[in-house]
Amino acid sequence: MWRRLGVLDWIRVGLLVLGLVFVATGLLPWADAVTSLSEIGPLLVFLVAIIVLAELTKDAQVFDAIAARMAVLGRGNYAALFFLCVVFASFVTIFLNLDTTAVLLTPVMLALAPRARIAALPLAMTTIWLANTASLLLPVSNLTNLLSMHKIGLGAPEFAARMWAPQVVSILVTMAFLWVFFWRRGERRDLRYIPPVLEPVADRVLFGAAAAGCVLFIALLLFEAHVAIAATAAAVLVVAAFLLRARERLTWSLIPWQLVIFVTGLFLVVPTLSIHGLSTLMTWMIGTEGDPYRTAAVGAGLSNLINNLPAYKAVEYVIPAADQESLLALLVGANVGPVITPWASLATLLWFESCRRHGVKVPMRRFLLTGAGLAVAGVAATVWALVEFG
């Protein structure tokens, strides 16, 4: 098992070990450690349940069926396909978490490309950029949103009411960058594409159960159920169907242990560093004026430097709970901004691995430059929408 661990896995394990060392040596007081970990108990339950739900939904061919029908609905028109891809990726990100879009939707879209003779890179860039920039609307859309809920003190409806305008703006800016740099006629191969031939799903019972599980999860969220309860209920429904129809697909690999230990280690290491000087640096960086543009810029910059999860936690630690606008602006920076470097978010790291497995070459210089443009324009426009309409 140890030989199968990659570099990223070792970093996650190391982060957890470092956090435990901090607790054992007293650098992080036991009471602070318990308080920090108690915040993420429900979050970890949600994280495991939503990944299991998404993985089994993919195995049941729900995403494949939607993607294929979407390409058929576009009828060979690239503009129509572009709009449908944006809607599909945004919907999955908003309701099923950005990691679902990056990890599970990306292979589906890349598998669709050769069937419809579509260039793979525009499809791939659509999934990863929208996995980040379309993750503002609901608490479940992004792990950073869930991390913020305790301090911001907003329920899901109130959170959505504050973030709907920023979410619309961030998606529109992303669409503009996607079309100009990846989807327009000069950036793809053909004037039109060939709609794929629809294939029947392998097991209609599993397909129906997985689709019902996704609908149940969204419905429970609309009725303001706790995200951990909603995800668990939906996952139990789908797991039960697989127990009856395809028990062999239920393996331990469905459990996202890497994310669990990463988040646990994060909640031990960041509070320790904040106690021992990191908070002073973060306060100096964001200033004391409560400028949402500066706060978002710091969040975006640190996200691309060290990854958005530790960046968010480090800055959030020094923002008062009463300053909701700054906290939401930080979310904009940590969600919309991590589109420049390959390590800026976990979703981007996993996306790069998926592209590598499917033989899709991502031009790094182009990725960095277009991502930098999107980060600057997207964060600025989205914070403006937050200030004006949020």
# chains A, B, ... in the order shown; residues from 1 in each chain; ligands from 1

call {"tool": "residues_around", "arguments": {"residues": "range 237-246 of chain A", "least_positions_apart": "3", "cutoff": "6 Å", "atoms": "only C-alpha atoms", "output": "list of chain:residue names"}}
result
A:Ala209, A:Ala210, A:Gly213, A:Ala234, A:Arg249

call {"tool": "write_last_selection", "arguments": {"atoms": "all heavy atoms", "output": "PDB file, in the first residue's frame"}}
result
ATOM      1  N   ALA A 209     -31.566   4.656  -9.757  1.00  0.00           N
ATOM      2  CA  ALA A 209     -31.283   4.865  -8.337  1.00  0.00           C
ATOM      3  C   ALA A 209     -30.276   5.994  -8.138  1.00  0.00           C
ATOM      4  O   ALA A 209     -30.426   6.816  -7.226  1.00  0.00           O
ATOM      5  CB  ALA A 209     -30.756   3.567  -7.728  1.00  0.00           C
ATOM      6  N   ALA A 210     -29.257   6.039  -8.977  1.00  0.00           N
ATOM      7  CA  ALA A 210     -28.250   7.088  -8.853  1.00  0.00           C
ATOM      8  C   ALA A 210     -28.856   8.456  -9.172  1.00  0.00           C
ATOM      9  O   ALA A 210     -28.583   9.445  -8.470  1.00  0.00           O
ATOM     10  CB  ALA A 210     -27.078   6.804  -9.784  1.00  0.00           C
ATOM     11  N   GLY A 213     -30.869   9.458  -6.262  1.00  0.00           N
ATOM     12  CA  GLY A 213     -30.024   9.896  -5.155  1.00  0.00           C
ATOM     13  C   GLY A 213     -29.592  11.338  -5.316  1.00  0.00           C
ATOM     14  O   GLY A 213     -29.608  12.116  -4.349  1.00  0.00           O
ATOM     15  N   ALA A 234     -28.642  10.510   0.597  1.00  0.00           N
ATOM     16  CA  ALA A 234     -28.550  10.232  -0.840  1.00  0.00           C
ATOM     17  C   ALA A 234     -27.555   9.099  -1.112  1.00  0.00           C
ATOM     18  O   ALA A 234     -27.817   8.208  -1.936  1.00  0.00           O
ATOM     19  CB  ALA A 234     -28.137  11.495  -1.582  1.00  0.00           C
ATOM     20  N   ARG A 249     -18.704  -3.498  -7.080  1.00  0.00           N
ATOM     21  CA  ARG A 249     -18.213  -2.133  -7.293  1.00  0.00           C
ATOM     22  C   ARG A 249     -18.052  -1.348  -5.998  1.00  0.00           C
ATOM     23  O   ARG A 249     -17.493  -0.243  -6.003  1.00  0.00           O
ATOM     24  CB  ARG A 249     -19.164  -1.378  -8.225  1.00  0.00           C
ATOM     25  CG  ARG A 249     -19.295  -1.989  -9.608  1.00  0.00           C
ATOM     26  CD  ARG A 249     -20.053  -1.068 -10.527  1.00  0.00           C
ATOM     27  NE  ARG A 249     -20.484  -1.740 -11.740  1.00  0.00           N
ATOM     28  CZ  ARG A 249     -21.205  -1.172 -12.689  1.00  0.00           C
ATOM     29  NH1 ARG A 249     -21.569   0.096 -12.568  1.00  0.00           N
ATOM     30  NH2 ARG A 249     -21.581  -1.856 -13.770  1.00  0.00           N
TER      31      ARG A 249
END

call {"tool": "residues_around", "arguments": {"residues": "Ser345 in chain A", "least_positions_apart": "4", "cutoff": "9 Å", "atoms": "only C-alpha atoms", "output": "list of chain:residue names"}}
result
A:Asn132, A:Ser303, A:Asn304, A:Ile306, A:Asn307, A:Asn308, A:Leu309, A:Ala334, A:Asn335, A:Pro338, A:Val339, A:Thr341, A:Leu349, A:Leu350

call {"tool": "closest_atom_pairs", "arguments": {"of": "range 238-336 of chain A", "to": "range 146-159 of chain A", "cutoff": "8 Å", "atoms": "only C-alpha atoms", "output": "JSON lines"}}
result
{"residue": "A:Ala321", "atom": "CA", "partner": "A:Lys151", "partner_atom": "CA", "distance": 5.5}
{"residue": "A:Ala322", "atom": "CA", "partner": "A:Ile152", "partner_atom": "CA", "distance": 7.7}
{"residue": "A:Gln324", "atom": "CA", "partner": "A:Ile152", "partner_atom": "CA", "distance": 6.0}
{"residue": "A:Leu327", "atom": "CA", "partner": "A:Ile152", "partner_atom": "CA", "distance": 7.0}

call {"tool": "select_by_dssp", "arguments": {"residues": "range 135-363 of chain A", "states": "helix (DSSP H, G or I)", "output": "NGL selection string"}}
result
:A and (139-141 or 143-152 or 156-183 or 185-187 or 204-222 or 227-245 or 247-249 or 252-254 or 257-286 or 292-306 or 308-316 or 324-336 or 346-357)

call {"tool": "atom_distance", "arguments": {"atom1": "CA of Met109 in chain A", "atom2": "CA of Leu172 in chain A"}}
result
20.9 Å

call {"tool": "residues_around", "arguments": {"residues": "range 291-298 of chain A", "least_positions_apart": "6", "cutoff": "7 Å", "atoms": "only C-alpha atoms", "output": "PyMOL selection string"}}
result
chain A and resi 285+325-326+329-330+332-333+380+383

call {"tool": "residues_around", "arguments": {"residues": "Gln167 in chain A", "least_positions_apart": "3", "cutoff": "9 Å", "atoms": "only C-alpha atoms", "output": "list in words"}}
result
Thr133, Ala134, Ser135, Leu136, Leu137, Met163, Trp164, Ser170, Ile171, Leu172, Thr382 and Ala385 of chain A

call {"tool": "write_last_selection", "arguments": {"atoms": "N, CA and C atoms", "output": "PDB file, in the first residue's frame"}}
result
ATOM      1  N   THR A 133     -14.725  28.505 -10.467  1.00  0.00           N
ATOM      2  CA  THR A 133     -15.451  29.780 -10.480  1.00  0.00           C
ATOM      3  C   THR A 133     -16.954  29.632 -10.277  1.00  0.00           C
ATOM      4  N   ALA A 134     -17.505  28.433 -10.471  1.00  0.00           N
ATOM      5  CA  ALA A 134     -18.949  28.237 -10.263  1.00  0.00           C
ATOM      6  C   ALA A 134     -19.253  27.673  -8.879  1.00  0.00           C
ATOM      7  N   SER A 135     -18.306  27.801  -7.950  1.00  0.00           N
ATOM      8  CA  SER A 135     -18.468  27.171  -6.637  1.00  0.00           C
ATOM      9  C   SER A 135     -18.788  28.162  -5.526  1.00  0.00           C
ATOM     10  N   LEU A 136     -19.500  29.236  -5.866  1.00  0.00           N
ATOM     11  CA  LEU A 136     -19.792  30.274  -4.876  1.00  0.00           C
ATOM     12  C   LEU A 136     -21.207  30.233  -4.315  1.00  0.00           C
ATOM     13  N   LEU A 137     -22.147  29.607  -5.004  1.00  0.00           N
ATOM     14  CA  LEU A 137     -23.555  29.836  -4.696  1.00  0.00           C
ATOM     15  C   LEU A 137     -24.036  29.163  -3.420  1.00  0.00           C
ATOM     16  N   MET A 163     -24.787  35.489  -2.362  1.00  0.00           N
ATOM     17  CA  MET A 163     -23.793  35.118  -3.360  1.00  0.00           C
ATOM     18  C   MET A 163     -24.338  34.905  -4.762  1.00  0.00           C
ATOM     19  N   TRP A 164     -25.645  35.075  -4.983  1.00  0.00           N
ATOM     20  CA  TRP A 164     -26.182  34.768  -6.317  1.00  0.00           C
ATOM     21  C   TRP A 164     -25.600  35.705  -7.377  1.00  0.00           C
ATOM     22  N   SER A 170     -19.201  35.716 -11.937  1.00  0.00           N
ATOM     23  CA  SER A 170     -18.000  34.887 -12.098  1.00  0.00           C
ATOM     24  C   SER A 170     -18.172  33.883 -13.236  1.00  0.00           C
ATOM     25  N   ILE A 171     -19.371  33.338 -13.403  1.00  0.00           N
ATOM     26  CA  ILE A 171     -19.614  32.409 -14.503  1.00  0.00           C
ATOM     27  C   ILE A 171     -19.561  33.141 -15.847  1.00  0.00           C
ATOM     28  N   LEU A 172     -20.130  34.343 -15.909  1.00  0.00           N
ATOM     29  CA  LEU A 172     -20.119  35.106 -17.163  1.00  0.00           C
ATOM     30  C   LEU A 172     -18.686  35.470 -17.574  1.00  0.00           C
ATOM     31  N   THR A 382     -16.222  39.839  -9.627  1.00  0.00           N
ATOM     32  CA  THR A 382     -17.068  39.129  -8.679  1.00  0.00           C
ATOM     33  C   THR A 382     -17.158  39.877  -7.352  1.00  0.00           C
ATOM     34  N   ALA A 385     -19.592  42.667  -7.767  1.00  0.00           N
ATOM     35  CA  ALA A 385     -20.972  42.195  -7.657  1.00  0.00           C
ATOM     36  C   ALA A 385     -21.345  41.940  -6.194  1.00  0.00           C
TER      37      ALA A 385
END

call {"tool": "closest_residue", "arguments": {"among": "A:Ala116, A:Val48, A:Val236, A:Val318", "to": "Pro196 in chain A", "atoms": "only C-alpha atoms"}}
result
A:Ala116

call {"tool": "closest_residue", "arguments": {"among": "A:Val17, A:Phe267, A:Met175, A:Trp384", "to": "Thr126 in chain A", "atoms": "only C-alpha atoms"}}
result
A:Met175

call {"tool": "residues_around", "arguments": {"residues": "Val87 in chain A", "least_positions_apart": "6", "cutoff": "10 Å", "atoms": "only C-alpha atoms", "output": "MDAnalysis selection string"}}
result
chainID A and resid 81 93 130 171

call {"tool": "closest_residue", "arguments": {"among": "A:Asn142, A:Ser253, A:Thr174, A:Thr272", "to": "Leu20 in chain A", "atoms": "only C-alpha atoms"}}
result
A:Thr272

call {"tool": "closest_residue", "arguments": {"among": "A:Gly378, A:Val103, A:His276, A:Met125", "to": "Val362 in chain A", "atoms": "only C-alpha atoms"}}
result
A:Met125

call {"tool": "residues_around", "arguments": {"residues": "range 353-355 of chain A", "least_positions_apart": "2", "cutoff": "12 Å", "atoms": "only C-alpha atoms", "output": "number ranges by chain"}}
result
A: 6, 8, 101-111, 120-121, 123-125, 127-128, 342-343, 346-351, 357-363
